[in-house]
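Undergrad: My structure is below; once you've seen it, I'll send some questions.
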Amino acid sequence: MRAEVLALLACRPGGTYVDGTVGGGGHAAAIARELVLLSKKGHQVRLIGLDIDPDAISAATVRLSEFGCRVVPMTAPARRDEDITMPALDCFKDMVILVKTSYVNVADVVQRFAPGPVGAVLMDLGMSSDQLEGNRGFAFERDGELDMRFDPDGTSLPAWKLLRHASLEDIKDWLRNYSQEPFAGRIARVIFERKGMINTTRDLVETVQRVVPRRRLRKTLARVFQALRIAVNQEIENLRAGLVAATGVLSPRGRLAVICYQSGEDRCVKDVARTFRDKLQVLTRKPITPSASEVQLNPRARSARLRVMEVRS
Ligand SMILES: C[S@@+](CC[C@H](N)C(=O)[O-])C[C@H]1O[C@@H](n2cnc3c(N)ncnc32)[C@H](O)[C@@H]1O
């Protein structure tokens, strides 16, 4: 939905644009291309890309290097005036700033590295293809340590360890709330009984296999792995905090675009939009979904829903 995202972000002259989940830099590259056009016309613009996964920041650095890209540590002291000024006219050097941090910290990042009006914030939720295809425990098809942390240096526990600490009720709630698993009770029970023995993706697959018929196995495993990933990374709690933070940094007529992949995320976005209805106007009465041809090219996009809100002026 890159074209739809770009059209709805409506990049305008002046200001900072934020990709809160830069991942491999696909959406960010498309935004940066728009910003280059504005910059060529003499407007000062900057793109900030955030991600909590250090591998994503490395991948985005390569992908975005053509635009002039600098990785800035969040721990760096606030920059001196000459450093935080926008790129000089007709100069694209360091138009993109990448920071390894959560979108929850967007206000702090903007204040430190690009103070001034924020034109739009994009949040493309869930996990990236790189994460799914790597050996980090996200995919049930790949054997490896059941880790699932987006940020291996952060405070989250790896999935196998989180399971050790979980009660039967916790596991049941994750399955129900984060993936609407219809057999949450039965699956939670077997995971709970065997949790001391679950260290790898294969251990979890074999555990679920005990109570789920073969014909339902793949879809069930997808739901179990999704629920556990969301729990490990506290994705819904972070999403709520991130949406509130993004709403706070946007300038009047600034836009907040969110791509959700499951109903818990979508509910959270609608809920925050309702809470801030005096400040945010919803531009997408119904969520925008990918076209049939996009789903054919990229089947993982089939559950994507894009919602966009604008700060009232
Ligand atoms: C679907 S991918 C984004 C893909 C990206 N739009 C692209 O075009 O390549 C989601 C990304 O969000 C990141 N992420 C998850 N939680 C985050 C958080 N709280 N703050 C910042 N990034 C986060 C993940 O590490 C992942 O790289």
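Naming works like this for the structure tokens: A, B, ... for the chains as they're shown, residue 1 at the start of each chain, ligands 1 onward in shown order.
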Name each residue within 6 Å of ligand 1, counting only C-alpha atoms and all ligand atoms, as a PyMOL selection string.

TA: chain A and resi 20-27+50-53+56+102-103+124-128+150+238

Undergrad: What would the file look like if the residues just selected were written as an mmCIF file, in the first residue's frame with N, CA and C atoms?

TA:
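Saved result, selection.cif, follows:
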data_model
loop_
_atom_site.group_PDB
_atom_site.id
_atom_site.type_symbol
_atom_site.label_atom_id
_atom_site.label_comp_id
_atom_site.auth_asym_id
_atom_site.auth_seq_id
_atom_site.Cartn_x
_atom_site.Cartn_y
_atom_site.Cartn_z
ATOM 1 N N GLY A 20 7.993 5.723 12.111
ATOM 2 C CA GLY A 20 8.189 5.188 13.464
ATOM 3 C C GLY A 20 8.604 3.728 13.487
ATOM 4 N N THR A 21 8.454 3.043 12.357
ATOM 5 C CA THR A 21 8.808 1.614 12.261
ATOM 6 C C THR A 21 9.554 1.427 10.943
ATOM 7 N N VAL A 22 10.799 1.869 10.904
ATOM 8 C CA VAL A 22 11.468 2.002 9.603
ATOM 9 C C VAL A 22 11.777 0.651 8.968
ATOM 10 N N GLY A 23 11.953 -0.396 9.762
ATOM 11 C CA GLY A 23 12.200 -1.746 9.226
ATOM 12 C C GLY A 23 13.332 -1.742 8.208
ATOM 13 N N GLY A 24 13.091 -2.350 7.046
ATOM 14 C CA GLY A 24 14.122 -2.377 6.001
ATOM 15 C C GLY A 24 14.179 -1.090 5.202
ATOM 16 N N GLY A 25 13.327 -0.130 5.518
ATOM 17 C CA GLY A 25 13.396 1.183 4.880
ATOM 18 C C GLY A 25 12.595 1.315 3.597
ATOM 19 N N GLY A 26 11.696 0.363 3.321
ATOM 20 C CA GLY A 26 10.890 0.422 2.091
ATOM 21 C C GLY A 26 9.994 1.653 2.033
ATOM 22 N N HIS A 27 9.148 1.822 3.048
ATOM 23 C CA HIS A 27 8.283 3.001 3.061
ATOM 24 C C HIS A 27 9.122 4.276 3.197
ATOM 25 N N LEU A 50 12.691 5.423 12.928
ATOM 26 C CA LEU A 50 12.914 4.781 14.230
ATOM 27 C C LEU A 50 12.664 3.279 14.111
ATOM 28 N N ASP A 51 13.394 2.507 14.865
ATOM 29 C CA ASP A 51 13.081 1.078 15.000
ATOM 30 C C ASP A 51 13.799 0.573 16.243
ATOM 31 N N ILE A 52 13.164 -0.411 16.921
ATOM 32 C CA ILE A 52 13.829 -0.938 18.112
ATOM 33 C C ILE A 52 14.742 -2.114 17.777
ATOM 34 N N ASP A 53 14.699 -2.563 16.529
ATOM 35 C CA ASP A 53 15.519 -3.704 16.132
ATOM 36 C C ASP A 53 16.826 -3.190 15.524
ATOM 37 N N ALA A 56 17.259 -3.931 11.906
ATOM 38 C CA ALA A 56 16.444 -3.099 11.005
ATOM 39 C C ALA A 56 17.158 -1.778 10.747
ATOM 40 N N SER A 102 12.272 3.149 20.449
ATOM 41 C CA SER A 102 10.851 2.879 20.251
ATOM 42 C C SER A 102 10.126 4.131 19.784
ATOM 43 N N TYR A 103 9.069 3.932 19.014
ATOM 44 C CA TYR A 103 8.248 5.084 18.618
ATOM 45 C C TYR A 103 7.588 5.743 19.823
ATOM 46 N N ASP A 124 3.992 1.319 10.719
ATOM 47 C CA ASP A 124 3.654 0.098 9.975
ATOM 48 C C ASP A 124 3.942 -1.055 10.941
ATOM 49 N N LEU A 125 2.872 -1.607 11.527
ATOM 50 C CA LEU A 125 3.040 -2.467 12.704
ATOM 51 C C LEU A 125 3.442 -3.906 12.326
ATOM 52 N N GLY A 126 3.511 -4.739 13.342
ATOM 53 C CA GLY A 126 3.841 -6.153 13.099
ATOM 54 C C GLY A 126 5.321 -6.341 12.877
ATOM 55 N N MET A 127 5.668 -7.429 12.176
ATOM 56 C CA MET A 127 7.096 -7.709 11.974
ATOM 57 C C MET A 127 7.439 -7.601 10.490
ATOM 58 N N SER A 128 8.741 -7.459 10.231
ATOM 59 C CA SER A 128 9.188 -7.302 8.845
ATOM 60 C C SER A 128 9.521 -8.662 8.250
ATOM 61 N N PHE A 150 11.877 -8.145 19.330
ATOM 62 C CA PHE A 150 12.281 -7.186 18.304
ATOM 63 C C PHE A 150 13.602 -6.546 18.724
ATOM 64 N N ASN A 238 2.656 -0.773 23.881
ATOM 65 C CA ASN A 238 3.545 0.182 23.201
ATOM 66 C C ASN A 238 2.807 0.952 22.119
#

Undergrad: If you count only C-alpha atoms, which residues fall within 10 Å of Thr220 of chain A, apart from same-chain ones fewer than 5 positions away, as a PyMOL selection string?

TA: chain A and resi 179+181-184+187+205+208-209+212-215+225-226

Undergrad: One decimal, Å: what's the distance from atom CA of Ile230 of chain A over to atom CA of Thr75 of chain A, could you say?

TA: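 Here the two named atoms are 26.6 Å from each other.
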
Undergrad: Mind checking which residues fall within 12 Å of Arg189 of chain A, counting only C-alpha atoms, ignoring those fewer than 2 positions away in the same chain, and posting them as a VMD selection string?

TA: chain A and resid 166 to 173 175 183 to 187 191 to 195 207 to 208 210 to 211

Undergrad: Those residues you just picked out, can you put them in a file as an mmCIF file, in the first residue's frame with C-alpha atoms?

TA:
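What follows is the written file part-v2.cif:
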data_model
loop_
_atom_site.group_PDB
_atom_site.id
_atom_site.type_symbol
_atom_site.label_atom_id
_atom_site.label_comp_id
_atom_site.auth_asym_id
_atom_site.auth_seq_id
_atom_site.Cartn_x
_atom_site.Cartn_y
_atom_site.Cartn_z
ATOM 1 C CA ALA A 166 3.448 -17.298 32.592
ATOM 2 C CA SER A 167 0.332 -18.603 34.339
ATOM 3 C CA LEU A 168 -2.286 -20.685 32.538
ATOM 4 C CA GLU A 169 -4.544 -17.598 32.506
ATOM 5 C CA ASP A 170 -1.799 -15.416 30.951
ATOM 6 C CA ILE A 171 -1.319 -17.853 28.060
ATOM 7 C CA LYS A 172 -5.078 -18.201 27.561
ATOM 8 C CA ASP A 173 -5.507 -14.398 27.516
ATOM 9 C CA LEU A 175 -4.211 -16.501 22.648
ATOM 10 C CA PHE A 183 -9.331 -23.211 21.032
ATOM 11 C CA ALA A 184 -7.369 -20.954 23.389
ATOM 12 C CA GLY A 185 -8.215 -23.005 26.505
ATOM 13 C CA ARG A 186 -7.041 -26.344 25.162
ATOM 14 C CA ILE A 187 -3.858 -24.951 23.586
ATOM 15 C CA ILE A 191 1.644 -25.126 26.565
ATOM 16 C CA PHE A 192 1.364 -24.468 30.299
ATOM 17 C CA GLU A 193 1.908 -28.150 31.170
ATOM 18 C CA ARG A 194 5.017 -28.406 28.976
ATOM 19 C CA LYS A 195 6.392 -24.866 29.387
ATOM 20 C CA THR A 207 3.498 -29.021 21.854
ATOM 21 C CA VAL A 208 0.659 -27.447 19.850
ATOM 22 C CA ARG A 210 -0.490 -32.637 20.476
ATOM 23 C CA VAL A 211 -3.929 -31.035 20.689
#

Undergrad: Ranking A:Met95, A:Leu306, A:Ala188, A:Glu66 by minimum distance to Leu38 of chain A and counting only C-alpha atoms, which one comes first?

TA: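 Among the listed residues, A:Met95 lies closest to Leu38 of chain A.
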
Undergrad: Would you mind listing what lies within 7 Å of Leu9 of chain A as a list in words, with only C-alpha atoms counted and same-chain residues fewer than 6 positions away left out?

TA: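 My reading of the contact set: Ala120, Arg255 and Ala257 of chain A.
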
Undergrad: Could you pull out all residues of segment 159-229 of chain A with a DSSP call of alpha helix (DSSP H) and give them as an MDAnalysis selection string?

TA: chainID A and resid 159:165 168:179 184:194 201:209 214:229

Undergrad: Can you pull out every residue within 12 Å of Thr155 of chain A, counting only C-alpha atoms, but drop anything in the same chain fewer than 3 positions away, and send it as a short mmCIF file (atom, residue, chain, number, x, y, z; two decimals) with N, CA and C atoms, in the first residue's frame?

TA:
data_model
loop_
_atom_site.label_atom_id
_atom_site.label_comp_id
_atom_site.auth_asym_id
_atom_site.auth_seq_id
_atom_site.Cartn_x
_atom_site.Cartn_y
_atom_site.Cartn_z
N ILE A 52 13.16 -0.41 16.92
CA ILE A 52 13.83 -0.94 18.11
C ILE A 52 14.74 -2.11 17.78
N ARG A 149 12.11 -11.52 20.31
CA ARG A 149 12.22 -10.12 20.72
C ARG A 149 12.60 -9.26 19.53
N PHE A 150 11.88 -8.14 19.33
CA PHE A 150 12.28 -7.19 18.30
C PHE A 150 13.60 -6.55 18.72
N ASP A 151 13.70 -6.26 20.02
CA ASP A 151 14.89 -5.57 20.54
C ASP A 151 15.63 -6.50 21.49
N PRO A 152 16.66 -7.19 20.98
CA PRO A 152 17.36 -8.16 21.83
C PRO A 152 18.11 -7.50 22.99
N PRO A 158 12.97 -13.17 26.36
CA PRO A 158 12.72 -14.01 25.19
C PRO A 158 11.49 -14.90 25.43
N LEU A 162 9.62 -16.05 28.91
CA LEU A 162 8.33 -15.47 29.28
C LEU A 162 7.34 -16.60 29.59
N VAL A 232 5.44 -10.99 24.02
CA VAL A 232 6.87 -10.79 24.29
C VAL A 232 7.25 -9.31 24.15
N ASN A 233 6.75 -8.68 23.08
CA ASN A 233 7.17 -7.30 22.78
C ASN A 233 6.20 -6.25 23.33
N GLN A 234 5.19 -6.70 24.09
CA GLN A 234 4.20 -5.79 24.69
C GLN A 234 3.69 -4.81 23.64
#

Undergrad: Pick out each residue of segment 14-64 of chain A that DSSP on the backbone tags as strand (DSSP E); I need them as a ChimeraX atom specification.

TA: /A:15-19,45-51

Undergrad: Can I get the selected residues back with N, CA and C atoms, as a PDB file, in the first residue's frame?

TA:
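Contents of the output file out_11.pdb:
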ATOM      1  N   GLY A  15       9.454  21.053   7.406  1.00  0.00           N
ATOM      2  CA  GLY A  15       9.145  20.182   8.527  1.00  0.00           C
ATOM      3  C   GLY A  15       9.786  18.814   8.474  1.00  0.00           C
ATOM      4  N   THR A  16       9.411  18.039   9.484  1.00  0.00           N
ATOM      5  CA  THR A  16       9.993  16.723   9.706  1.00  0.00           C
ATOM      6  C   THR A  16       8.939  15.656   9.490  1.00  0.00           C
ATOM      7  N   TYR A  17       9.358  14.556   8.873  1.00  0.00           N
ATOM      8  CA  TYR A  17       8.482  13.396   8.703  1.00  0.00           C
ATOM      9  C   TYR A  17       9.093  12.243   9.472  1.00  0.00           C
ATOM     10  N   VAL A  18       8.233  11.431  10.106  1.00  0.00           N
ATOM     11  CA  VAL A  18       8.747  10.355  10.956  1.00  0.00           C
ATOM     12  C   VAL A  18       8.199   9.017  10.488  1.00  0.00           C
ATOM     13  N   ASP A  19       9.116   8.078  10.201  1.00  0.00           N
ATOM     14  CA  ASP A  19       8.698   6.693  10.007  1.00  0.00           C
ATOM     15  C   ASP A  19       9.022   5.991  11.326  1.00  0.00           C
ATOM     16  N   VAL A  45      13.393  19.956   4.600  1.00  0.00           N
ATOM     17  CA  VAL A  45      12.642  18.782   5.056  1.00  0.00           C
ATOM     18  C   VAL A  45      13.608  17.764   5.661  1.00  0.00           C
ATOM     19  N   ARG A  46      13.063  16.909   6.510  1.00  0.00           N
ATOM     20  CA  ARG A  46      13.905  15.867   7.110  1.00  0.00           C
ATOM     21  C   ARG A  46      13.054  14.650   7.423  1.00  0.00           C
ATOM     22  N   LEU A  47      13.663  13.481   7.287  1.00  0.00           N
ATOM     23  CA  LEU A  47      12.970  12.226   7.626  1.00  0.00           C
ATOM     24  C   LEU A  47      13.686  11.571   8.801  1.00  0.00           C
ATOM     25  N   ILE A  48      12.915  11.231   9.813  1.00  0.00           N
ATOM     26  CA  ILE A  48      13.483  10.497  10.943  1.00  0.00           C
ATOM     27  C   ILE A  48      12.918   9.084  10.910  1.00  0.00           C
ATOM     28  N   GLY A  49      13.790   8.091  10.946  1.00  0.00           N
ATOM     29  CA  GLY A  49      13.347   6.692  10.972  1.00  0.00           C
ATOM     30  C   GLY A  49      13.692   6.065  12.310  1.00  0.00           C
ATOM     31  N   LEU A  50      12.691   5.423  12.928  1.00  0.00           N
ATOM     32  CA  LEU A  50      12.914   4.781  14.230  1.00  0.00           C
ATOM     33  C   LEU A  50      12.664   3.279  14.111  1.00  0.00           C
ATOM     34  N   ASP A  51      13.394   2.507  14.865  1.00  0.00           N
ATOM     35  CA  ASP A  51      13.081   1.078  15.000  1.00  0.00           C
ATOM     36  C   ASP A  51      13.799   0.573  16.243  1.00  0.00           C
TER      37      ASP A  51
END

Undergrad: Write out as a VMD selection string which residues come within 7 Å of segment 277-294 of chain A when counting only C-alpha atoms, dropping same-chain ones fewer than 5 positions away.

TA: chain A and resid 1 301 to 302 304 to 312

Undergrad: Name the residues in contact with segment 245-251 of chain A at a cut-off of 8 Å, using only C-alpha atoms, excluding same-chain residues fewer than 5 positions from it; report them as a PyMOL selection string.

TA: chain A and resi 103-107+110+117-121+256+280+311

Undergrad: Could you save the residues just selected, with N, CA and C atoms, as a PDB file, in the first residue's frame?

TA:
ATOM      1  N   TYR A 103       9.069   3.932  19.014  1.00  0.00           N
ATOM      2  CA  TYR A 103       8.248   5.084  18.618  1.00  0.00           C
ATOM      3  C   TYR A 103       7.588   5.743  19.823  1.00  0.00           C
ATOM      4  N   VAL A 104       7.586   5.043  20.940  1.00  0.00           N
ATOM      5  CA  VAL A 104       7.059   5.628  22.182  1.00  0.00           C
ATOM      6  C   VAL A 104       7.862   6.894  22.534  1.00  0.00           C
ATOM      7  N   ASN A 105       9.142   6.913  22.098  1.00  0.00           N
ATOM      8  CA  ASN A 105      10.033   8.036  22.433  1.00  0.00           C
ATOM      9  C   ASN A 105      10.062   9.112  21.351  1.00  0.00           C
ATOM     10  N   VAL A 106       9.055   9.124  20.473  1.00  0.00           N
ATOM     11  CA  VAL A 106       9.126  10.012  19.306  1.00  0.00           C
ATOM     12  C   VAL A 106       9.272  11.491  19.700  1.00  0.00           C
ATOM     13  N   ALA A 107       8.615  11.901  20.778  1.00  0.00           N
ATOM     14  CA  ALA A 107       8.685  13.317  21.155  1.00  0.00           C
ATOM     15  C   ALA A 107      10.116  13.694  21.537  1.00  0.00           C
ATOM     16  N   VAL A 110      12.334  13.852  18.339  1.00  0.00           N
ATOM     17  CA  VAL A 110      12.088  15.051  17.534  1.00  0.00           C
ATOM     18  C   VAL A 110      12.696  16.263  18.215  1.00  0.00           C
ATOM     19  N   PRO A 117       8.143  21.831  13.223  1.00  0.00           N
ATOM     20  CA  PRO A 117       6.862  21.179  12.927  1.00  0.00           C
ATOM     21  C   PRO A 117       7.036  19.771  12.369  1.00  0.00           C
ATOM     22  N   VAL A 118       6.149  18.860  12.820  1.00  0.00           N
ATOM     23  CA  VAL A 118       6.164  17.478  12.312  1.00  0.00           C
ATOM     24  C   VAL A 118       4.961  17.298  11.394  1.00  0.00           C
ATOM     25  N   GLY A 119       5.240  16.956  10.137  1.00  0.00           N
ATOM     26  CA  GLY A 119       4.183  16.873   9.127  1.00  0.00           C
ATOM     27  C   GLY A 119       3.422  15.565   9.140  1.00  0.00           C
ATOM     28  N   ALA A 120       4.104  14.475   9.488  1.00  0.00           N
ATOM     29  CA  ALA A 120       3.411  13.188   9.507  1.00  0.00           C
ATOM     30  C   ALA A 120       4.217  12.158  10.266  1.00  0.00           C
ATOM     31  N   VAL A 121       3.495  11.186  10.838  1.00  0.00           N
ATOM     32  CA  VAL A 121       4.130  10.028  11.476  1.00  0.00           C
ATOM     33  C   VAL A 121       3.489   8.788  10.872  1.00  0.00           C
ATOM     34  N   LEU A 256      -1.265  11.218  10.897  1.00  0.00           N
ATOM     35  CA  LEU A 256      -0.812   9.992  11.553  1.00  0.00           C
ATOM     36  C   LEU A 256      -1.375   8.825  10.754  1.00  0.00           C
ATOM     37  N   LEU A 280      -8.046  14.909  16.745  1.00  0.00           N
ATOM     38  CA  LEU A 280      -7.782  14.158  15.509  1.00  0.00           C
ATOM     39  C   LEU A 280      -9.039  13.979  14.673  1.00  0.00           C
ATOM     40  N   VAL A 311      -4.444  16.011  12.397  1.00  0.00           N
ATOM     41  CA  VAL A 311      -4.621  16.924  13.528  1.00  0.00           C
ATOM     42  C   VAL A 311      -5.426  18.142  13.054  1.00  0.00           C
TER      43      VAL A 311
END

Undergrad: Between A:Ser39, A:Asn199, A:Gln131, A:Ser263, which is the closest to Asp55 of chain A once you count only C-alpha atoms?

TA: A:Gln131

Undergrad: Restricting the calculation to only C-alpha atoms: of A:Cys11, A:Ala227, A:Val96, A:Ile198, which residue gets closest to Gly144 of chain A?

TA: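 Of the candidates, the smallest distance to Gly144 of chain A is held by A:Ile198.
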
Undergrad: Looking at A:Arg240, A:Gly68, A:Leu146, A:Ile57, which one is nearest to Arg33 of chain A, with distances taken over only C-alpha atoms?

TA: A:Gly68
